[in-house]
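Colleague: Got a file for you: structure.cif, mmCIF, N, CA and C atoms.
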data_coords
#
loop_
_atom_site.label_atom_id
_atom_site.label_comp_id
_atom_site.auth_asym_id
_atom_site.auth_seq_id
_atom_site.Cartn_x
_atom_site.Cartn_y
_atom_site.Cartn_z
N MET A 1 13.05 17.31 -8.12
CA MET A 1 12.51 15.97 -8.22
C MET A 1 11.27 15.86 -7.34
N PRO A 2 10.35 15.03 -7.70
CA PRO A 2 9.17 14.83 -6.86
C PRO A 2 9.52 14.01 -5.63
N LYS A 3 8.59 13.97 -4.72
CA LYS A 3 8.84 13.19 -3.51
C LYS A 3 8.86 11.71 -3.82
N ILE A 4 9.54 10.96 -2.97
CA ILE A 4 9.64 9.51 -3.11
C ILE A 4 8.66 8.86 -2.14
N PRO A 5 8.32 7.59 -2.31
CA PRO A 5 7.31 6.96 -1.46
C PRO A 5 7.60 7.01 0.04
N GLU A 6 8.86 6.98 0.43
CA GLU A 6 9.16 6.99 1.86
C GLU A 6 8.98 8.37 2.49
N CYS A 7 8.77 9.41 1.70
CA CYS A 7 8.59 10.77 2.25
C CYS A 7 7.40 10.85 3.21
N ASP A 8 6.33 10.13 2.93
CA ASP A 8 5.14 10.21 3.78
C ASP A 8 5.39 9.68 5.18
N ARG A 9 6.40 8.84 5.37
CA ARG A 9 6.71 8.26 6.68
C ARG A 9 7.90 8.94 7.35
N CYS A 10 8.42 10.02 6.74
CA CYS A 10 9.62 10.68 7.24
C CYS A 10 9.27 11.76 8.27
N LEU A 11 10.14 11.89 9.24
CA LEU A 11 9.97 12.90 10.28
C LEU A 11 10.12 14.31 9.73
N LEU A 12 10.85 14.48 8.62
CA LEU A 12 11.09 15.80 8.03
C LEU A 12 10.03 16.21 7.01
N TYR A 13 9.09 15.33 6.70
CA TYR A 13 8.05 15.63 5.72
C TYR A 13 7.11 16.69 6.28
N VAL A 14 6.86 17.76 5.52
CA VAL A 14 6.05 18.86 6.02
C VAL A 14 4.58 18.76 5.65
N GLY A 15 4.23 17.92 4.68
CA GLY A 15 2.83 17.78 4.28
C GLY A 15 2.30 18.96 3.49
N ASN A 16 3.17 19.79 2.99
CA ASN A 16 2.80 20.97 2.21
C ASN A 16 2.88 20.61 0.73
N PRO A 17 1.87 20.96 -0.08
CA PRO A 17 1.92 20.62 -1.51
C PRO A 17 3.04 21.34 -2.27
N HIS A 18 3.59 22.42 -1.70
CA HIS A 18 4.64 23.18 -2.38
C HIS A 18 6.04 22.80 -1.92
N LEU A 19 6.17 22.20 -0.73
CA LEU A 19 7.46 21.77 -0.20
C LEU A 19 7.39 20.29 0.12
N VAL A 20 8.44 19.55 -0.18
CA VAL A 20 8.46 18.13 0.14
C VAL A 20 8.92 17.93 1.57
N CYS A 21 10.06 18.51 1.93
CA CYS A 21 10.52 18.40 3.31
C CYS A 21 11.38 19.60 3.67
N ALA A 22 11.80 19.67 4.93
CA ALA A 22 12.60 20.79 5.40
C ALA A 22 14.02 20.77 4.82
N VAL A 23 14.55 19.58 4.55
CA VAL A 23 15.92 19.46 4.05
C VAL A 23 15.96 19.53 2.52
N HIS A 24 15.02 18.87 1.87
CA HIS A 24 14.97 18.85 0.40
C HIS A 24 13.62 19.43 -0.06
N PRO A 25 13.50 20.73 -0.17
CA PRO A 25 12.21 21.35 -0.51
C PRO A 25 11.60 20.87 -1.83
N THR A 26 12.44 20.51 -2.80
CA THR A 26 11.92 20.05 -4.08
C THR A 26 11.97 18.54 -4.23
N GLY A 27 12.37 17.82 -3.21
CA GLY A 27 12.44 16.37 -3.25
C GLY A 27 13.87 15.87 -3.33
N SER A 28 14.03 14.59 -3.11
CA SER A 28 15.35 13.97 -3.13
C SER A 28 15.86 13.84 -4.56
N ASN A 29 17.18 13.90 -4.74
CA ASN A 29 17.78 13.77 -6.07
C ASN A 29 18.07 12.32 -6.44
N ALA A 30 17.71 11.38 -5.58
CA ALA A 30 17.99 9.96 -5.82
C ALA A 30 16.72 9.15 -5.54
N ASP A 31 16.84 7.83 -5.72
CA ASP A 31 15.70 6.95 -5.45
C ASP A 31 15.45 6.79 -3.95
N THR A 32 16.46 7.03 -3.14
CA THR A 32 16.32 6.99 -1.69
C THR A 32 16.85 8.30 -1.12
N CYS A 33 16.45 8.61 0.08
CA CYS A 33 16.86 9.86 0.71
C CYS A 33 17.90 9.57 1.79
N PRO A 34 19.06 10.22 1.73
CA PRO A 34 20.08 10.00 2.76
C PRO A 34 19.69 10.60 4.12
N ASP A 35 18.73 11.50 4.13
CA ASP A 35 18.32 12.16 5.38
C ASP A 35 17.02 11.59 5.95
N PHE A 36 16.57 10.45 5.45
CA PHE A 36 15.31 9.85 5.90
C PHE A 36 15.39 9.49 7.38
N GLN A 37 14.37 9.91 8.13
CA GLN A 37 14.23 9.57 9.55
C GLN A 37 12.80 9.07 9.75
N GLU A 38 12.66 7.82 10.17
CA GLU A 38 11.33 7.22 10.36
C GLU A 38 10.56 8.01 11.40
N ASN A 39 9.33 8.39 11.07
CA ASN A 39 8.46 9.10 11.99
C ASN A 39 7.70 8.06 12.82
N PRO A 40 7.91 8.01 14.13
CA PRO A 40 7.23 7.00 14.95
C PRO A 40 5.72 7.22 15.03
N ASP A 41 5.25 8.42 14.75
CA ASP A 41 3.82 8.71 14.81
C ASP A 41 3.11 8.55 13.47
N ALA A 42 3.85 8.20 12.43
CA ALA A 42 3.24 8.04 11.10
C ALA A 42 2.33 6.82 11.08
N GLU A 43 1.23 6.94 10.34
CA GLU A 43 0.31 5.82 10.23
C GLU A 43 0.94 4.73 9.37
N PRO A 44 0.83 3.48 9.79
CA PRO A 44 1.42 2.40 8.99
C PRO A 44 0.65 2.21 7.69
N ASP A 45 1.32 1.63 6.70
CA ASP A 45 0.66 1.34 5.43
C ASP A 45 -0.48 0.36 5.68
N GLU A 46 -1.61 0.63 5.05
CA GLU A 46 -2.77 -0.24 5.22
C GLU A 46 -2.62 -1.45 4.30
N LEU A 47 -2.50 -2.61 4.93
CA LEU A 47 -2.37 -3.85 4.17
C LEU A 47 -3.60 -4.70 4.43
N TRP A 48 -4.48 -4.75 3.50
CA TRP A 48 -5.68 -5.58 3.63
C TRP A 48 -6.00 -6.14 2.27
N GLU A 49 -6.79 -7.16 2.27
CA GLU A 49 -7.25 -7.71 1.02
C GLU A 49 -8.70 -8.16 1.20
N PRO A 50 -9.53 -7.91 0.21
CA PRO A 50 -10.93 -8.31 0.31
C PRO A 50 -11.06 -9.83 0.36
N GLU A 51 -12.15 -10.28 0.92
CA GLU A 51 -12.39 -11.72 0.99
C GLU A 51 -12.44 -12.30 -0.42
N GLY A 52 -11.73 -13.40 -0.61
CA GLY A 52 -11.70 -14.03 -1.92
C GLY A 52 -10.68 -13.44 -2.87
N ALA A 53 -9.75 -12.65 -2.34
CA ALA A 53 -8.72 -12.04 -3.18
C ALA A 53 -7.38 -12.17 -2.47
N SER A 54 -6.31 -12.00 -3.23
CA SER A 54 -4.97 -12.02 -2.65
C SER A 54 -4.06 -11.14 -3.50
N TYR A 55 -2.90 -10.81 -2.95
CA TYR A 55 -1.92 -10.01 -3.67
C TYR A 55 -0.83 -10.91 -4.22
N ASN A 56 -0.42 -10.64 -5.46
CA ASN A 56 0.68 -11.34 -6.09
C ASN A 56 1.58 -10.29 -6.73
N ASN A 57 2.78 -10.12 -6.20
CA ASN A 57 3.72 -9.08 -6.68
C ASN A 57 3.09 -7.69 -6.65
N GLY A 58 2.35 -7.38 -5.60
CA GLY A 58 1.75 -6.07 -5.45
C GLY A 58 0.48 -5.85 -6.24
N GLU A 59 0.00 -6.86 -6.97
CA GLU A 59 -1.22 -6.72 -7.76
C GLU A 59 -2.34 -7.52 -7.11
N LEU A 60 -3.50 -6.91 -6.97
CA LEU A 60 -4.66 -7.57 -6.37
C LEU A 60 -5.25 -8.56 -7.37
N ILE A 61 -5.34 -9.82 -6.96
CA ILE A 61 -5.88 -10.88 -7.81
C ILE A 61 -7.19 -11.37 -7.19
N LEU A 62 -8.28 -11.24 -7.92
CA LEU A 62 -9.58 -11.71 -7.45
C LEU A 62 -9.72 -13.19 -7.79
N GLN A 63 -10.11 -13.97 -6.81
CA GLN A 63 -10.32 -15.40 -7.02
C GLN A 63 -11.73 -15.61 -7.57
N PRO A 64 -11.88 -16.47 -8.56
CA PRO A 64 -13.23 -16.72 -9.09
C PRO A 64 -14.10 -17.42 -8.05
N ARG A 65 -15.38 -17.13 -8.08
CA ARG A 65 -16.32 -17.78 -7.16
C ARG A 65 -16.44 -19.25 -7.51
N GLN A 66 -16.47 -20.05 -6.48
CA GLN A 66 -16.64 -21.49 -6.69
C GLN A 66 -18.11 -21.76 -6.97
N ARG A 67 -18.38 -22.51 -7.98
CA ARG A 67 -19.76 -22.86 -8.33
C ARG A 67 -19.96 -24.34 -8.07
N TRP A 68 -20.94 -24.62 -7.26
CA TRP A 68 -21.26 -26.00 -6.91
C TRP A 68 -22.60 -26.37 -7.51
N MET A 69 -22.76 -27.62 -7.81
CA MET A 69 -24.06 -28.09 -8.28
C MET A 69 -25.03 -28.10 -7.11
N ARG A 70 -26.28 -27.95 -7.40
CA ARG A 70 -27.28 -27.86 -6.32
C ARG A 70 -27.33 -29.10 -5.46
N TRP A 71 -27.02 -30.26 -6.02
CA TRP A 71 -27.14 -31.49 -5.24
C TRP A 71 -25.93 -31.72 -4.33
N ILE A 72 -24.86 -30.93 -4.49
CA ILE A 72 -23.70 -31.05 -3.60
C ILE A 72 -23.88 -30.08 -2.44
N ARG A 73 -23.81 -30.63 -1.24
CA ARG A 73 -23.94 -29.79 -0.05
C ARG A 73 -22.59 -29.71 0.64
N ILE A 74 -22.26 -28.55 1.07
CA ILE A 74 -21.02 -28.35 1.82
C ILE A 74 -21.41 -28.22 3.28
N SER A 75 -20.85 -29.07 4.12
CA SER A 75 -21.18 -29.01 5.55
C SER A 75 -20.17 -28.24 6.31
#
Would you write the structure of this file as structure tokens?

Modeller:
Amino acid sequence: MPKIPECDRCLLYVGNPHLVCAVHPTGSNADTCPDFQENPDAEPDELWEPEGASYNNGELILQPRQRWMRWIRIS
């Protein structure tokens, strides 16, 4: 089986394209790994959103630009 998303944050992940981890070389046989150990030195997931956008159910939604008439001034 291929690696699961939590493999990148696991202490046992080797980072080798041919091996997934030291315990399960070909990947976990389930949706979760019973041997998962959080790596304290792993980089956290980058959560950011561009200005004028937001996430909805994991999908990036761009907000339309507000168009104002020339005679309306925003202070």

Colleague: By how many Å are atom CA of A:Tyr13 and atom C of A:Asp41 apart?

Modeller: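 Between these atoms lies a distance of 11.6 Å.
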
Colleague: Expand the PyMOL selection byres (((chain A and resi 2-9 and name CA) around 12) and name CA) into the individual residues it matches in the shown file, reporting them as an NGL selection string.

Modeller: :A and (1 or 10-45)

Colleague: Check the DSSP output for the backbone and give back, as a ChimeraX atom specification, the residues of chain A in strand (DSSP E or B).

Modeller: /A:10,13,21,38,53-56,59-62

Colleague: Given the file shown, determine the residues that the PyMOL selection byres (((chain A and resi 52 and name CA) around 6) and name CA) selects; report them as a PyMOL selection string.

Modeller: chain A and resi 51+53+63

Colleague: Hey, can you check how far atom C of A:Ile61 sits from atom N of A:Glu49?

Modeller: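 Between atom C of A:Ile61 and atom N of A:Glu49 the gap is 10.4 Å.
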
Colleague: Give the helix (DSSP H, G or I) residues of chain A, as assigned by DSSP on the backbone, as a short mmCIF file (atom, residue, chain, number, x, y, z; two decimals) with N, CA and C atoms, in the frame of the given file.

Modeller:
data_model
loop_
_atom_site.label_atom_id
_atom_site.label_comp_id
_atom_site.auth_asym_id
_atom_site.auth_seq_id
_atom_site.Cartn_x
_atom_site.Cartn_y
_atom_site.Cartn_z
N PRO A 5 8.32 7.59 -2.31
CA PRO A 5 7.31 6.96 -1.46
C PRO A 5 7.60 7.01 0.04
N GLU A 6 8.86 6.98 0.43
CA GLU A 6 9.16 6.99 1.86
C GLU A 6 8.98 8.37 2.49
N CYS A 7 8.77 9.41 1.70
CA CYS A 7 8.59 10.77 2.25
C CYS A 7 7.40 10.85 3.21
N ASP A 8 6.33 10.13 2.93
CA ASP A 8 5.14 10.21 3.78
C ASP A 8 5.39 9.68 5.18
N ARG A 9 6.40 8.84 5.37
CA ARG A 9 6.71 8.26 6.68
C ARG A 9 7.90 8.94 7.35
#

Colleague: Any idea what the distance is between atom C of A:Trp48 and atom N of A:Pro64?

Modeller: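 Taking atom C of A:Trp48 as the start and atom N of A:Pro64 as the end point, the length is 16.1 Å.
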